[in-house]
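Shown here: start-v2.txt, compact mmCIF, C-alpha atoms.
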```txt
# COMPACT_ATOMS: atom_id res chain seq x y z
CA MET A 1 37.54 -27.30 6.66
CA ILE A 2 37.89 -23.95 4.89
CA VAL A 3 37.09 -20.78 6.82
CA PHE A 4 36.69 -17.18 5.66
CA HIS A 5 36.94 -14.38 8.23
CA TYR A 6 35.22 -11.09 7.36
CA ASN A 7 33.99 -7.94 9.12
CA ARG A 8 30.28 -8.87 9.22
CA THR A 9 29.19 -6.11 6.85
CA PHE A 10 27.22 -6.42 3.63
CA GLU A 11 30.19 -5.03 1.72
CA GLY A 12 32.37 -7.62 3.39
CA LEU A 13 30.02 -10.39 2.31
CA MET A 14 30.22 -9.22 -1.32
CA CYS A 15 34.03 -9.23 -1.05
CA ALA A 16 33.92 -12.76 0.41
CA VAL A 17 32.02 -13.90 -2.69
CA PHE A 18 34.61 -12.20 -4.91
CA ASP A 19 37.52 -13.83 -3.07
CA SER A 20 35.87 -17.23 -3.28
CA PHE A 21 35.79 -17.10 -7.06
CA GLU A 22 39.17 -15.37 -7.31
CA LEU A 23 40.91 -17.98 -5.12
CA LYS A 24 38.79 -20.85 -6.49
CA ILE A 25 37.90 -22.08 -3.02
CA VAL A 26 34.53 -22.39 -1.30
CA PRO A 27 34.50 -21.80 2.47
CA ASP A 28 32.58 -24.11 4.76
CA ARG A 29 32.10 -21.31 7.29
CA LEU A 30 31.99 -17.52 7.37
CA LEU A 31 33.27 -16.16 10.69
CA SER A 32 33.83 -12.76 12.21
CA ILE A 33 37.38 -11.50 12.24
CA GLY A 34 39.02 -12.68 15.45
CA THR A 35 36.67 -15.64 15.98
CA ILE A 36 38.36 -18.86 17.07
CA GLU A 37 38.43 -21.31 14.18
CA PRO A 38 36.87 -24.78 14.40
CA MET A 39 39.11 -27.80 14.86
CA PHE A 40 40.59 -29.33 11.72
CA THR A 41 40.55 -26.03 9.83
CA GLU A 42 42.83 -26.54 6.84
CA ILE A 43 42.54 -23.18 5.10
CA SER A 44 41.88 -19.83 6.75
CA HIS A 45 41.44 -16.68 4.73
CA THR A 46 40.76 -13.14 5.93
CA VAL A 47 38.64 -11.10 3.52
CA THR A 48 40.00 -7.64 2.78
CA ILE A 49 37.39 -4.97 2.10
CA ASP A 50 37.71 -3.61 -1.42
CA LYS A 51 34.91 -1.38 -2.69
CA ALA A 52 35.73 -2.24 -6.30
CA HIS A 53 35.34 -5.96 -5.59
CA SER A 54 32.11 -5.41 -3.69
CA LYS A 55 30.66 -3.27 -6.48
CA ARG A 56 31.68 -5.82 -9.10
CA VAL A 57 29.75 -8.56 -7.32
CA TRP A 58 26.70 -6.36 -6.71
CA ASP A 59 26.65 -5.12 -10.33
CA GLY A 60 27.04 -8.71 -11.49
CA LEU A 61 23.96 -9.69 -9.52
CA GLY A 62 22.11 -6.85 -11.21
CA LYS A 63 22.86 -8.40 -14.59
CA ARG A 64 21.61 -11.84 -13.55
CA LEU A 65 18.61 -10.91 -11.40
CA ASP A 66 15.71 -8.54 -11.77
CA ARG A 67 15.37 -5.73 -9.25
CA GLN A 68 12.95 -7.58 -6.99
CA ALA A 69 15.14 -10.68 -6.80
CA ARG A 70 18.27 -8.66 -6.04
CA ASN A 71 16.40 -6.74 -3.35
CA MET A 72 15.66 -10.06 -1.64
CA ILE A 73 19.37 -10.37 -0.90
CA VAL A 74 19.29 -7.06 0.99
CA TYR A 75 16.12 -8.08 2.82
CA VAL A 76 17.67 -11.35 4.01
CA TRP A 77 20.77 -9.49 5.19
CA LEU A 78 18.59 -7.05 7.15
CA SER A 79 16.88 -9.98 8.87
CA GLU A 80 20.03 -10.34 10.99
CA LEU A 81 19.13 -13.98 11.52
CA GLU A 82 21.89 -16.34 12.54
CA GLY A 83 23.43 -17.94 9.47
CA CYS A 84 21.80 -15.54 7.01
CA ASP A 85 25.24 -14.53 5.68
CA GLU A 86 26.17 -18.13 4.87
CA LEU A 87 22.76 -18.65 3.27
CA LEU A 88 23.29 -15.59 1.07
CA PHE A 89 26.83 -16.65 0.26
CA ARG A 90 25.60 -20.01 -1.06
CA PHE A 91 22.70 -18.36 -2.91
CA ILE A 92 24.94 -15.80 -4.62
CA ARG A 93 27.57 -18.36 -5.56
CA THR A 94 24.87 -20.52 -7.15
CA ILE A 95 23.62 -17.54 -9.17
CA PHE A 96 27.10 -16.90 -10.57
CA SER A 97 27.82 -20.60 -11.11
CA THR A 98 25.00 -21.28 -13.55
CA THR A 99 23.48 -19.68 -16.61
CA LYS A 100 19.98 -20.72 -15.49
CA ARG A 101 17.58 -18.46 -13.62
CA ILE A 102 17.54 -20.10 -10.21
CA GLU A 103 15.90 -17.40 -8.08
CA PHE A 104 12.49 -19.08 -8.50
CA ASP A 105 13.69 -22.67 -8.30
CA PHE A 106 11.77 -23.57 -5.16
CA GLY A 107 13.12 -27.09 -5.30
CA ASP A 108 16.38 -25.57 -4.02
CA ALA A 109 16.29 -25.30 -0.22
CA ASP A 110 18.41 -22.12 -0.20
CA VAL A 111 16.19 -20.37 -2.73
CA LEU A 112 13.11 -21.30 -0.72
CA GLU A 113 14.70 -20.00 2.50
CA VAL A 114 15.76 -16.72 0.87
CA HIS A 115 12.20 -16.10 -0.32
CA SER A 116 10.75 -17.01 3.07
CA ILE A 117 13.03 -14.69 5.05
CA ALA A 118 12.74 -11.83 2.54
CA ARG A 119 8.94 -12.05 2.76
CA LYS A 120 9.05 -11.78 6.58
CA VAL A 121 11.32 -8.73 6.47
CA ALA A 122 9.11 -7.09 3.82
CA HIS A 123 6.08 -7.66 6.08
CA GLU A 124 7.94 -6.07 8.98
CA ALA A 125 8.66 -2.99 6.85
CA GLN A 126 4.97 -2.82 5.97
CA TYR A 127 4.05 -3.02 9.65
CA LEU A 128 6.30 -0.03 10.32
CA LYS A 129 4.49 1.97 7.65
CA GLN A 130 1.16 1.09 9.25
CA PHE A 131 1.89 1.38 12.96
CA VAL A 132 4.47 4.12 13.46
CA ARG A 133 2.94 6.90 15.58
CA PHE A 134 4.68 10.27 15.76
CA GLN A 135 4.68 12.45 18.87
CA LYS A 136 5.44 16.15 18.58
CA ALA A 137 8.24 17.55 20.73
CA ALA A 138 8.56 21.10 21.99
CA ASP A 139 11.10 21.92 19.26
CA ASP A 140 8.54 20.97 16.55
CA ILE A 141 10.30 17.72 15.69
CA PHE A 142 8.10 14.61 15.53
CA PHE A 143 9.46 11.50 17.29
CA ALA A 144 8.53 7.86 16.80
CA PRO A 145 10.17 4.98 18.72
CA VAL A 146 9.98 1.53 17.11
CA ARG A 147 11.04 -2.01 18.03
CA PRO A 148 10.92 -4.11 14.83
CA ILE A 149 11.89 -7.78 14.95
CA TYR A 150 14.07 -7.35 11.88
CA ASN A 151 16.20 -4.39 10.86
CA ALA A 152 13.46 -3.20 8.52
CA LEU A 153 13.55 0.53 9.24
CA PRO A 154 15.78 1.39 6.23
CA LEU A 155 13.22 -0.28 3.95
CA ALA A 156 10.40 1.97 5.18
CA LEU A 157 12.23 5.31 5.03
CA ASP A 158 11.09 6.34 1.55
CA HIS A 159 7.48 5.99 2.64
CA PHE A 160 7.91 8.41 5.54
CA VAL A 161 9.88 10.90 3.44
CA ASP A 162 7.07 10.95 0.88
CA ARG A 163 4.26 10.93 3.42
CA PHE A 164 5.71 13.48 5.86
CA ALA A 165 7.90 15.59 3.62
CA ASP A 166 6.73 18.87 5.19
CA GLN A 167 7.80 18.15 8.77
CA GLN A 168 10.98 17.26 10.63
CA TRP A 169 10.92 13.84 12.23
CA VAL A 170 12.98 11.17 13.95
CA ILE A 171 12.23 7.46 13.83
CA TYR A 172 14.38 5.56 16.31
CA ASP A 173 14.91 1.81 16.60
CA LEU A 174 15.16 1.28 20.36
CA GLY A 175 16.44 -2.28 20.06
CA ARG A 176 19.29 -1.50 17.65
CA LYS A 177 19.97 1.94 19.13
CA TYR A 178 19.95 3.93 15.93
CA GLY A 179 17.45 5.90 13.88
CA TYR A 180 16.93 8.44 11.13
CA TYR A 181 16.38 12.18 11.27
CA TYR A 182 14.62 13.96 8.40
CA ASP A 183 15.37 17.68 8.22
CA LEU A 184 12.96 18.57 5.35
CA HIS A 185 15.72 17.90 2.81
CA GLU A 186 17.39 14.58 3.54
CA THR A 187 17.51 11.75 6.05
CA LYS A 188 20.53 11.20 8.27
CA GLU A 189 21.34 8.20 10.42
CA ILE A 190 21.60 9.14 14.10
CA THR A 191 22.23 7.61 17.51
CA PHE A 192 21.49 9.11 20.90
CA SER A 193 24.59 9.89 22.91
CA ALA A 194 25.44 7.38 25.61
CA GLY A 195 26.35 10.32 27.79
CA THR A 196 22.75 11.50 28.28
CA GLY A 197 21.92 9.50 31.38
CA GLU A 198 19.96 6.49 30.20
CA GLY A 199 20.41 7.18 26.50
CA GLU A 200 17.30 6.72 24.42
CA ASN A 201 15.29 5.66 27.49
CA LYS A 202 15.61 9.23 28.73
CA HIS A 203 13.69 10.41 25.66
CA PHE A 204 11.18 7.57 25.35
CA ILE A 205 9.31 6.20 28.35
CA ASP A 206 7.38 2.99 27.65
CA GLY A 207 7.12 3.87 23.96
CA LYS A 208 6.05 7.46 24.62
CA LEU A 209 7.97 10.69 24.44
CA ASP A 210 8.64 12.04 27.91
CA GLU A 211 5.86 14.57 28.62
CA ALA A 212 8.50 17.09 29.70
CA LEU A 213 9.75 17.11 26.10
CA MET A 214 6.33 17.21 24.41
CA GLU A 215 4.97 20.15 22.49
CA ARG A 216 2.36 21.98 24.60
CA ASP A 217 -0.73 20.58 22.83
CA GLU A 218 0.65 17.09 22.03
CA LYS A 219 -0.85 15.46 25.14
CA LEU A 220 -4.23 17.02 24.30
CA PHE A 221 -4.09 15.70 20.73
CA GLN A 222 -3.22 12.24 22.02
CA ASP A 223 -6.18 12.28 24.40
CA LEU A 224 -8.47 13.47 21.59
CA TRP A 225 -7.23 10.69 19.31
CA LYS A 226 -7.80 8.04 21.98
CA GLY A 227 -11.28 9.44 22.60
CA TYR A 228 -12.07 9.31 18.88
CA PHE A 229 -10.75 5.76 18.62
CA LYS A 230 -12.95 4.70 21.54
CA ALA A 231 -16.00 6.49 20.14
CA ILE A 232 -15.90 4.77 16.74
CA THR A 233 -15.49 1.32 18.27
CA ILE A 234 -18.59 -0.84 17.85
CA LYS A 235 -18.62 -3.08 20.91
CA GLU A 236 -20.84 -5.69 19.27
CA ARG A 237 -18.24 -6.17 16.52
CA ILE A 238 -15.16 -6.43 18.69
CA ASN A 239 -13.09 -9.42 17.59
CA PRO A 240 -9.93 -9.61 19.75
CA ARG A 241 -8.36 -12.44 17.73
CA LEU A 242 -8.76 -10.60 14.42
CA HIS A 243 -7.64 -7.36 16.04
CA ARG A 244 -4.40 -8.96 17.26
CA LYS A 245 -3.83 -10.49 13.83
CA ASN A 246 -4.20 -7.16 12.02
CA MET A 247 -2.38 -5.17 14.72
CA PRO A 248 0.17 -7.43 16.49
CA THR A 249 0.34 -6.79 20.24
CA ARG A 250 4.10 -6.17 20.08
CA PHE A 251 3.32 -2.80 18.45
CA TRP A 252 0.77 -1.69 21.03
CA ARG A 253 3.39 -0.21 23.34
CA GLU A 254 4.15 2.54 20.80
CA ILE A 255 0.62 3.07 19.46
CA THR A 256 -1.19 6.04 20.99
CA GLU A 257 -4.69 4.57 20.86
CA LYS A 258 -3.57 1.44 22.72
CA GLN A 259 -2.01 3.28 25.67
```

Take the structure in the file and give it back as structure tokens.
Amino acid sequence: MIVFHYNRTFEGLMCAVFDSFELKIVPDRLLSIGTIEPMFTEISHTVTIDKAHSKRVWDGLGKRLDRQARNMIVYVWLSELEGCDELLFRFIRTIFSTTKRIEFDFGDADVLEVHSIARKVAHEAQYLKQFVRFQKAADDIFFAPVRPIYNALPLALDHFVDRFADQQWVIYDLGRKYGYYYDLHETKEITFSAGTGEGENKHFIDGKLDEALMERDEKLFQDLWKGYFKAITIKERINPRLHRKNMPTRFWREITEKQ
């Protein structure tokens, strides 16, 4: 068995692909650095991060794939699913190992899986665009807590920058404990300090900004919005199954009109 150890980053994965071709060996497993190797491991190689190598692989993919197909690789990585790195490794090696366009060869199990996972992550990013609800804090910054299944927040950022370019906002992934702050000029990745009591839970209570931190009229606006939502509801046309399909219940905790 051949094992590659790498640092579990996207850049590290690109370097693992480079090393595989450079050394002319194909690993059976990709493991984190420090992970105990399986029995009967014959070759063990630790991938060294080299930005030039990573860029060479990524640029090479750009020459062999169109933009949409190359983006699928990023989407699958952001899925964070177990084994997605080994799936991408095989997919990328196949792309470089043939002159044929294989990204739409659905007879290949890896190609089919890449498309399937990428589609799910893209849908999750779309859900974020639809269901994020901002709450205004006393310092005029708008907050929105989210809990996406996949790490899709980076894919939705451009939408929020375009849509809310005239206001400062924070969108925070509670599950992954990071978010983005937009300061009217650029977005910056942020994390809440672990030294603030209960961390992000101190700022967000059950998907809502703590009322002590809200802007004076925010609670009033939320109540008005919930009243409007209730007023336009036609009871005779309520379809709970369709409603849950179009607005999955896992988002209700952060949606003002469902609280």

Worksheet item: Quick one: residues within 9 Å of region 59-75 of chain A, all atoms listed in the file counted, chain neighbours fewer than 6 positions away excluded, as a ChimeraX atom specification?
Response: /A:10,88,91-92,95-96,99,101,103-104,114-115,117-122,151-152,155

Discussion item. List as a ChimeraX atom specification the protein and nucleic acid residues near Val17 (chain A), meaning an atom at most 8 Å away when all atoms listed in the file are counted, but skip any in the same chain fewer than 5 places from it.
Written reply: /A:57,89,92-93

Practice prompt. Tell me which of A:Gln168, A:Thr48, A:Phe160, A:Ser54 sits closest to Asp139 (chain A), counting all atoms listed in the file.
Written response: A:Gln168

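With only the atoms specified (all atoms listed in the file) counting, those residues at most 8 Å away from (30.1, -5.9, 0.9) are Thr9, Phe10, Glu11, Gly12, Leu13, Met14, Cys15, Ala16, Ile49, Lys51, Ser54 and Lys55 of chain A.
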
Worksheet entry | Spatial neighbours of Val26 (chain A), max dist 10 Å, all atoms listed in the file, sep filter under 2 positions, as an NGL selection string | :A and (1-4 or 16-17 or 19-21 or 23-24 or 28-29 or 89-90 or 93)

Output C-alpha atoms of each residue in that selection to a file, as an mmCIF file, in the coordinates of the input.
```
data_model
loop_
_atom_site.group_PDB
_atom_site.id
_atom_site.type_symbol
_atom_site.label_atom_id
_atom_site.label_comp_id
_atom_site.auth_asym_id
_atom_site.auth_seq_id
_atom_site.Cartn_x
_atom_site.Cartn_y
_atom_site.Cartn_z
ATOM 1 C CA MET A 1 37.540 -27.300 6.660
ATOM 2 C CA ILE A 2 37.890 -23.950 4.890
ATOM 3 C CA VAL A 3 37.090 -20.780 6.820
ATOM 4 C CA PHE A 4 36.690 -17.180 5.660
ATOM 5 C CA ALA A 16 33.920 -12.760 0.410
ATOM 6 C CA VAL A 17 32.020 -13.900 -2.690
ATOM 7 C CA ASP A 19 37.520 -13.830 -3.070
ATOM 8 C CA SER A 20 35.870 -17.230 -3.280
ATOM 9 C CA PHE A 21 35.790 -17.100 -7.060
ATOM 10 C CA LEU A 23 40.910 -17.980 -5.120
ATOM 11 C CA LYS A 24 38.790 -20.850 -6.490
ATOM 12 C CA ASP A 28 32.580 -24.110 4.760
ATOM 13 C CA ARG A 29 32.100 -21.310 7.290
ATOM 14 C CA PHE A 89 26.830 -16.650 0.260
ATOM 15 C CA ARG A 90 25.600 -20.010 -1.060
ATOM 16 C CA ARG A 93 27.570 -18.360 -5.560
#
```

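The shortest atom-to-atom distance to Tyr178 (chain A), with only C-alpha atoms taken into account, belongs to A:Arg147 out of A:Arg147, A:Arg244, A:His159, A:Arg253.
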
Worksheet item: Do you have the CA of Asp108 (chain A)-CA of Leu87 (chain A) distance handy?
Response: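 CA of Asp108 (chain A) sits 11.9 Å away from CA of Leu87 (chain A).
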
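Residues surrounding region 161-163 of chain A within 9 Å are Leu157, Tyr182, Leu184, Glu186 and Thr187 of chain A [all atoms listed in the file; sequence separation below 4 positions excluded].
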
Worksheet item: What is the distance, in Å and to one decimal place, between CA of Gln126 (chain A) and CA of Gly107 (chain A)?
Response: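 Separating CA of Gln126 (chain A) from CA of Gly107 (chain A) is a distance of 28.0 Å.
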
Worksheet item: Could you state the separation of CA of Pro145 (chain A) and CA of Gly179 (chain A) in Å, given to one decimal place?
Response: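 Atom-to-atom, CA of Pro145 (chain A) to CA of Gly179 (chain A), that is 8.8 Å.
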
Worksheet item: Between A:Gly175, A:Glu124, A:Leu81, A:His5, which has the minimum distance to Thr46 (chain A) (counting only C-alpha atoms)?
Response: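 The answer is A:His5, which sits nearest to Thr46 (chain A).
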